[in-house]
$ cat upload10.csv   # CSV, C-alpha atoms
chain,number,residue,atom,x,y,z
M,1,MET,CA,-8.7,5.3,-19.7
M,2,ASN,CA,-4.9,5.2,-19.3
M,3,ARG,CA,-3.2,2.5,-21.2
M,4,TYR,CA,0.1,0.8,-20.5
M,5,SER,CA,1.9,-2.0,-22.5
M,6,ALA,CA,4.8,-3.8,-20.8
M,7,ARG,CA,7.6,-5.3,-22.9
M,8,SER,CA,6.8,-8.7,-21.5
M,9,GLY,CA,3.3,-8.6,-23.0
M,10,PRO,CA,0.3,-6.3,-23.5
M,11,ALA,CA,-1.6,-5.0,-20.5
M,12,THR,CA,-4.5,-2.6,-20.6
M,13,VAL,CA,-5.4,-1.0,-17.4
M,14,GLN,CA,-8.0,1.6,-16.4
M,15,LEU,CA,-7.0,3.9,-13.7
M,16,PRO,CA,-7.5,4.2,-10.8
M,17,LEU,CA,-6.6,0.5,-10.3
M,18,ARG,CA,-8.3,-0.8,-7.1
M,19,MET,CA,-5.7,-2.5,-4.9
M,20,GLY,CA,-8.2,-3.1,-2.1
M,21,PHE,CA,-8.2,-3.2,1.7
M,22,PHE,CA,-5.1,-3.7,3.8
M,23,LEU,CA,-4.3,-3.9,7.5
M,24,ALA,CA,-1.8,-1.3,8.5
M,25,GLU,CA,0.1,-0.5,11.7
M,26,MET,CA,-0.6,2.8,13.5
M,27,GLY,CA,2.0,4.8,15.4
M,28,VAL,CA,4.4,5.0,12.4
M,29,ASN,CA,6.1,8.4,11.7
M,30,CYS,CA,7.7,9.9,8.6
M,31,ALA,CA,11.5,9.4,8.4
M,32,ARG,CA,12.3,13.0,7.5
M,33,GLY,CA,9.5,14.5,9.7
M,34,PRO,CA,9.4,12.3,12.9
M,35,GLU,CA,6.7,14.6,14.4
M,36,ILE,CA,4.4,13.8,11.4
M,37,PRO,CA,2.4,10.5,11.6
M,38,TYR,CA,2.7,8.4,8.4
M,39,ARG,CA,-0.5,6.6,7.3
M,40,GLY,CA,0.6,5.4,3.8
M,41,ILE,CA,0.9,1.9,2.4
M,42,ASN,CA,4.4,1.2,3.7
M,43,ARG,CA,3.3,-0.1,7.2
M,44,LEU,CA,1.5,-3.4,6.5
M,45,ALA,CA,0.7,-5.5,9.5
M,46,SER,CA,3.5,-8.0,10.2
M,47,LEU,CA,4.4,-10.6,12.8
M,48,LYS,CA,7.4,-9.3,14.7
M,49,ASP,CA,8.6,-12.4,16.5
M,50,PHE,CA,8.0,-15.0,13.8
M,51,GLU,CA,10.4,-17.7,15.2
M,52,GLY,CA,9.2,-17.2,18.8
M,53,GLU,CA,5.5,-17.5,17.9
M,54,PHE,CA,6.2,-20.5,15.7
M,55,GLN,CA,8.0,-22.3,18.6
M,56,GLN,CA,5.0,-21.6,20.9
M,57,HIS,CA,2.7,-22.9,18.2
M,58,GLN,CA,4.8,-26.1,18.0
M,59,SER,CA,4.3,-26.5,21.7
M,60,GLY,CA,0.6,-25.9,21.5
M,61,ALA,CA,0.7,-22.6,23.4
M,62,SER,CA,0.1,-19.9,20.9
M,63,GLU,CA,-3.3,-18.3,20.0
M,64,VAL,CA,-1.3,-15.6,18.2
M,65,TRP,CA,0.0,-18.0,15.6
M,66,SER,CA,-3.5,-19.3,14.8
M,67,LEU,CA,-4.7,-15.8,14.1
M,68,TRP,CA,-1.7,-15.0,11.9
M,69,ALA,CA,-2.2,-18.2,10.0
M,70,SER,CA,-5.8,-17.3,9.3
M,71,TYR,CA,-4.8,-13.8,8.3
M,72,TRP,CA,-2.1,-15.1,5.9
M,73,GLU,CA,-4.6,-17.4,4.3
M,74,ALA,CA,-7.2,-14.7,3.8
M,75,GLU,CA,-4.5,-12.4,2.4
M,76,SER,CA,-3.1,-15.0,0.0
M,77,THR,CA,-6.6,-15.8,-1.4
M,78,GLY,CA,-7.4,-12.1,-1.8
M,79,THR,CA,-10.4,-12.2,0.5
M,80,ILE,CA,-9.2,-9.3,2.7
M,81,SER,CA,-8.4,-7.1,-0.3
M,82,VAL,CA,-12.0,-7.2,-1.6
M,83,ASP,CA,-14.1,-7.7,1.6
M,84,ARG,CA,-14.3,-4.8,4.0
M,85,SER,CA,-16.0,-6.9,6.7
M,86,THR,CA,-13.2,-9.5,6.6
M,87,ALA,CA,-10.6,-6.8,6.9
M,88,LEU,CA,-12.3,-5.1,9.8
M,89,ASP,CA,-12.9,-8.5,11.6
M,90,PHE,CA,-9.1,-9.2,11.5
M,91,GLN,CA,-8.5,-5.6,12.6
M,92,GLU,CA,-10.5,-6.2,15.7
M,93,ARG,CA,-9.0,-9.6,16.4
M,94,PHE,CA,-5.5,-8.1,16.2
M,95,ARG,CA,-6.5,-5.2,18.4
M,96,ALA,CA,-7.7,-7.7,21.0
M,97,LEU,CA,-4.1,-8.9,21.1
M,98,GLY,CA,-2.9,-5.4,21.8
M,99,MET,CA,-1.8,-4.5,18.2
M,100,ASN,CA,-2.5,-0.9,17.1
M,101,ILE,CA,-4.0,-1.7,13.7
M,102,GLU,CA,-6.2,0.2,11.2
M,103,THR,CA,-7.8,-0.8,7.9
M,104,ILE,CA,-7.0,1.3,4.8
M,105,PHE,CA,-8.1,1.2,1.2
M,106,CYS,CA,-5.6,1.8,-1.6
M,107,GLU,CA,-5.8,2.6,-5.3
M,108,LEU,CA,-3.0,3.0,-7.9
M,109,VAL,CA,-3.9,6.3,-9.5
M,110,GLN,CA,-0.8,7.1,-11.6
M,111,TYR,CA,2.3,5.3,-12.9
M,112,PRO,CA,5.4,6.7,-14.6
M,113,SER,CA,4.9,8.0,-18.1
M,114,ILE,CA,6.6,6.0,-20.9
M,115,ARG,CA,8.0,7.8,-23.9
M,116,GLY,CA,9.9,5.4,-26.1
M,117,HIS,CA,11.8,2.6,-24.4
M,118,ASP,CA,14.3,4.4,-22.3
M,119,GLU,CA,12.4,6.0,-19.4
M,120,LEU,CA,11.7,2.7,-17.6
M,121,SER,CA,13.9,-0.4,-17.7
M,122,ALA,CA,12.6,-3.7,-18.8
M,123,HIS,CA,12.6,-4.8,-15.1
M,124,GLN,CA,10.6,-1.8,-14.1
M,125,GLN,CA,8.1,-2.4,-16.9
M,126,GLN,CA,7.8,-6.0,-15.8
M,127,ARG,CA,7.0,-4.9,-12.2
M,128,LEU,CA,4.2,-2.6,-13.5
M,129,HIS,CA,2.8,-5.5,-15.5
M,130,ASP,CA,3.0,-7.8,-12.5
M,131,ALA,CA,1.2,-5.2,-10.3
M,132,PHE,CA,-1.6,-4.8,-12.8
M,133,THR,CA,-2.0,-8.6,-13.0
M,134,LYS,CA,-2.0,-9.0,-9.2
M,135,TYR,CA,-4.8,-6.6,-8.7
M,136,GLU,CA,-7.1,-7.6,-11.6
M,137,HIS,CA,-9.3,-9.6,-9.2
M,138,VAL,CA,-9.8,-6.6,-7.0
M,139,GLN,CA,-10.7,-4.4,-10.0
M,140,ARG,CA,-13.2,-7.0,-11.1
M,141,GLN,CA,-14.9,-7.3,-7.8
M,142,LEU,CA,-14.7,-3.6,-6.8
M,143,PRO,CA,-15.3,-1.7,-10.0
M,144,ASN,CA,-16.2,1.3,-7.9
M,145,ARG,CA,-14.5,2.6,-4.8
M,146,PRO,CA,-16.5,1.5,-1.7
M,147,ALA,CA,-18.6,4.2,-0.1
M,148,GLY,CA,-17.9,5.7,3.3
M,149,LEU,CA,-14.1,6.0,3.2
M,150,GLU,CA,-12.0,8.9,4.5
M,151,PHE,CA,-9.4,10.2,2.1
M,152,LEU,CA,-5.9,10.4,3.7
M,153,GLY,CA,-3.7,11.5,0.8
M,154,TYR,CA,-1.4,10.2,-1.9
M,155,ASP,CA,1.7,8.1,-1.3
M,156,LEU,CA,4.7,7.5,-3.7
M,157,SER,CA,5.4,3.8,-3.5
M,158,TYR,CA,6.0,0.6,-5.3
M,159,PRO,CA,2.6,-1.0,-6.1
M,160,LEU,CA,3.9,-4.5,-5.2
M,161,PRO,CA,4.0,-6.4,-1.9
M,162,THR,CA,7.2,-4.7,-0.6
M,163,PHE,CA,5.4,-1.3,-0.9
M,164,HIS,CA,8.5,0.8,-0.3
M,165,SER,CA,7.5,4.4,0.0
M,166,ILE,CA,9.9,7.3,-0.6
M,167,ILE,CA,7.9,9.2,2.1
M,168,ARG,CA,8.4,6.4,4.7
M,169,GLN,CA,11.9,5.3,3.6
M,170,PRO,CA,13.6,8.3,1.7
M,171,ALA,CA,17.1,7.2,2.6
M,172,ILE,CA,17.0,4.1,0.3
M,173,MET,CA,15.6,6.1,-2.6
M,174,ASN,CA,15.7,9.6,-3.9
M,175,SER,CA,15.9,11.4,-0.6
M,176,ASN,CA,15.0,15.0,-1.6
M,177,VAL,CA,11.9,14.4,-3.7
M,178,VAL,CA,9.4,14.8,-0.9
M,179,ILE,CA,10.1,17.4,1.9
M,180,PRO,CA,8.1,17.5,5.2
M,181,THR,CA,6.4,20.8,4.3
M,182,MET,CA,4.6,19.0,1.4
M,183,LEU,CA,2.9,16.5,3.8
M,184,ASN,CA,-0.5,16.7,5.4
M,185,ASN,CA,-1.5,15.5,8.9
M,186,SER,CA,-1.5,11.9,7.6
M,187,GLY,CA,2.1,12.2,6.4
M,188,LEU,CA,0.9,12.1,2.8
M,189,ILE,CA,0.5,14.4,-0.2
M,190,ALA,CA,-2.9,16.0,-0.3
M,191,ASP,CA,-2.9,17.2,-3.9
M,192,LEU,CA,-2.8,14.8,-6.9
M,193,ASP,CA,-1.2,17.4,-9.1
M,194,ILE,CA,1.7,17.8,-6.7
M,195,ALA,CA,2.2,14.0,-6.4
M,196,ALA,CA,2.1,13.7,-10.2
M,197,GLU,CA,4.7,16.5,-10.6
M,198,LEU,CA,7.0,14.6,-8.2
M,199,LEU,CA,6.6,11.2,-10.0
M,200,PRO,CA,9.4,11.7,-12.6
M,201,ARG,CA,11.9,12.8,-9.9
M,202,ALA,CA,10.8,9.9,-7.7
M,203,ASN,CA,11.7,7.4,-10.5
M,204,ARG,CA,15.0,9.0,-11.5
M,205,ASP,CA,17.8,6.4,-11.1
M,206,GLN,CA,15.5,3.8,-9.6
M,207,LYS,CA,16.7,0.3,-10.4
M,208,SER,CA,14.1,-1.8,-8.7
M,209,GLY,CA,11.0,0.6,-9.1
M,210,PRO,CA,8.8,1.8,-10.5
M,211,ILE,CA,7.4,4.2,-8.0
M,212,CYS,CA,3.7,5.0,-8.6
M,213,VAL,CA,1.2,7.4,-7.0
M,214,LEU,CA,-1.1,5.5,-4.7
M,215,GLY,CA,-4.3,7.0,-3.1
M,216,ILE,CA,-4.9,6.0,0.5
M,217,TRP,CA,-8.3,6.0,2.3
M,218,SER,CA,-9.1,5.1,5.9
M,219,VAL,CA,-11.9,2.6,6.4
M,220,GLU,CA,-12.8,3.9,9.8
M,221,SER,CA,-12.2,7.1,11.8
M,222,LEU,CA,-9.6,7.3,14.4
M,223,ASN,CA,-12.2,7.2,17.2
M,224,GLY,CA,-13.0,3.6,16.1
M,225,ASP,CA,-16.3,4.2,14.4
M,226,ALA,CA,-16.6,2.1,11.2
M,227,ALA,CA,-17.1,4.1,8.1
$ encode --input "upload10.csv" --output "structure tokens"
Amino acid sequence: MNRYSARSGPATVQLPLRMGFFLAEMGVNCARGPEIPYRGINRLASLKDFEGEFQQHQSGASEVWSLWASYWEAESTGTISVDRSTALDFQERFRALGMNIETIFCELVQYPSIRGHDELSAHQQQRLHDAFTKYEHVQRQLPNRPAGLEFLGYDLSYPLPTFHSIIRQPAIMNSNVVIPTMLNNSGLIADLDIAAELLPRANRDQKSGPICVLGIWSVESLNGDAA
């Protein structure tokens, strides 16, 4: 068991920490390797024309808004994160609207080491504590990783809802930590030891971090067969 105590209060976490199921957009590429598809966490499904769809909803002419409202509700209650069938149902409903969506499963597998009080700021430590608290319900309901998942690789990302990844968005972070030759066919790092070695460099000079190692799995194969 790996243990972590935030300044704001004690928190004991067993890694890996299940973060659960997420709906993610396909067709996203790595910023520094545009020929490499990126299938990490930093591509969560989002409504592109929020104002336009809301206006159509107000006029009673938007099926899209009703689907998004149901999705936001299931997401906010945590239903999607712990229920594969719910996630896959929303996936198919979004695909019916022409969205290229897949379902992934995510775990937090390593966070920055803490030696003393200087490696992570109080703000960073608070973010780690918040992440652990946010995913406690997933860990309780999914004590074991669900069966039948396809491992995609490791991402280096915030474990909170913004999910900024230094693979997907290197320009806003430490741009030379991950180079394209380190990435597999999913645009992720295949080896945990390599990802762990990069973690201190990924967190160097980060003000809003921390960046953690996240494991990413696909819930279905690319040919559409459910896992």
$ atom_distance --input "upload10.csv" --atom1 "CA of Leu47 in chain M" --atom2 "CA of Leu17 in chain M"
27.9 Å
$ closest_residue --input "upload10.csv" --among "M:Gly20, M:Gly148, M:Gly209, M:Pro159" --to "Asp83 in chain M" --atoms "all atoms listed in the file"
M:Gly20
$ atom_distance --input "upload10.csv" --atom1 "CA of Ala147 in chain M" --atom2 "CA of Ala24 in chain M"
19.7 Å
$ residues_around --input "upload10.csv" --residues "Ile80 in chain M" --least-positions-apart "6" --cutoff "12 Å" --atoms "all atoms listed in the file" --output "ChimeraX atom specification"
/M:19-23,70-74,86-91,103-105,137-138
$ atom_distance --input "upload10.csv" --atom1 "CA of Val82 in chain M" --atom2 "CA of Leu149 in chain M"
14.2 Å
$ closest_residue --input "upload10.csv" --among "M:Gln139, M:Asn29, M:Thr79, M:Ser46" --to "Leu15 in chain M" --atoms "only C-alpha atoms"
M:Gln139
$ closest_residue --input "upload10.csv" --among "M:Gly40, M:His164, M:Pro210, M:Ile194" --to "Ala122 in chain M" --atoms "all atoms listed in the file"
M:Pro210
$ residues_around --input "upload10.csv" --residues "Pro16 in chain M" --least-positions-apart "5" --cutoff "7 Å" --atoms "all atoms listed in the file" --output "list in words"
Glu107, Leu108 and Val109 of chain M
$ residues_around --input "upload10.csv" --residues "Asn42 in chain M" --least-positions-apart "5" --cutoff "9 Å" --atoms "only C-alpha atoms" --output "JSON, numbers by chain"
{"M": [24, 155, 157, 162, 163, 164, 165, 167, 168, 169]}
$ closest_residue --input "upload10.csv" --among "M:Arg145, M:His129, M:Lys134, M:Arg43" --to "Val219 in chain M" --atoms "only C-alpha atoms"
M:Arg145
$ closest_residue --input "upload10.csv" --among "M:Gly215, M:Pro200, M:Pro112, M:Gly187" --to "Glu35 in chain M" --atoms "all atoms listed in the file"
M:Gly187
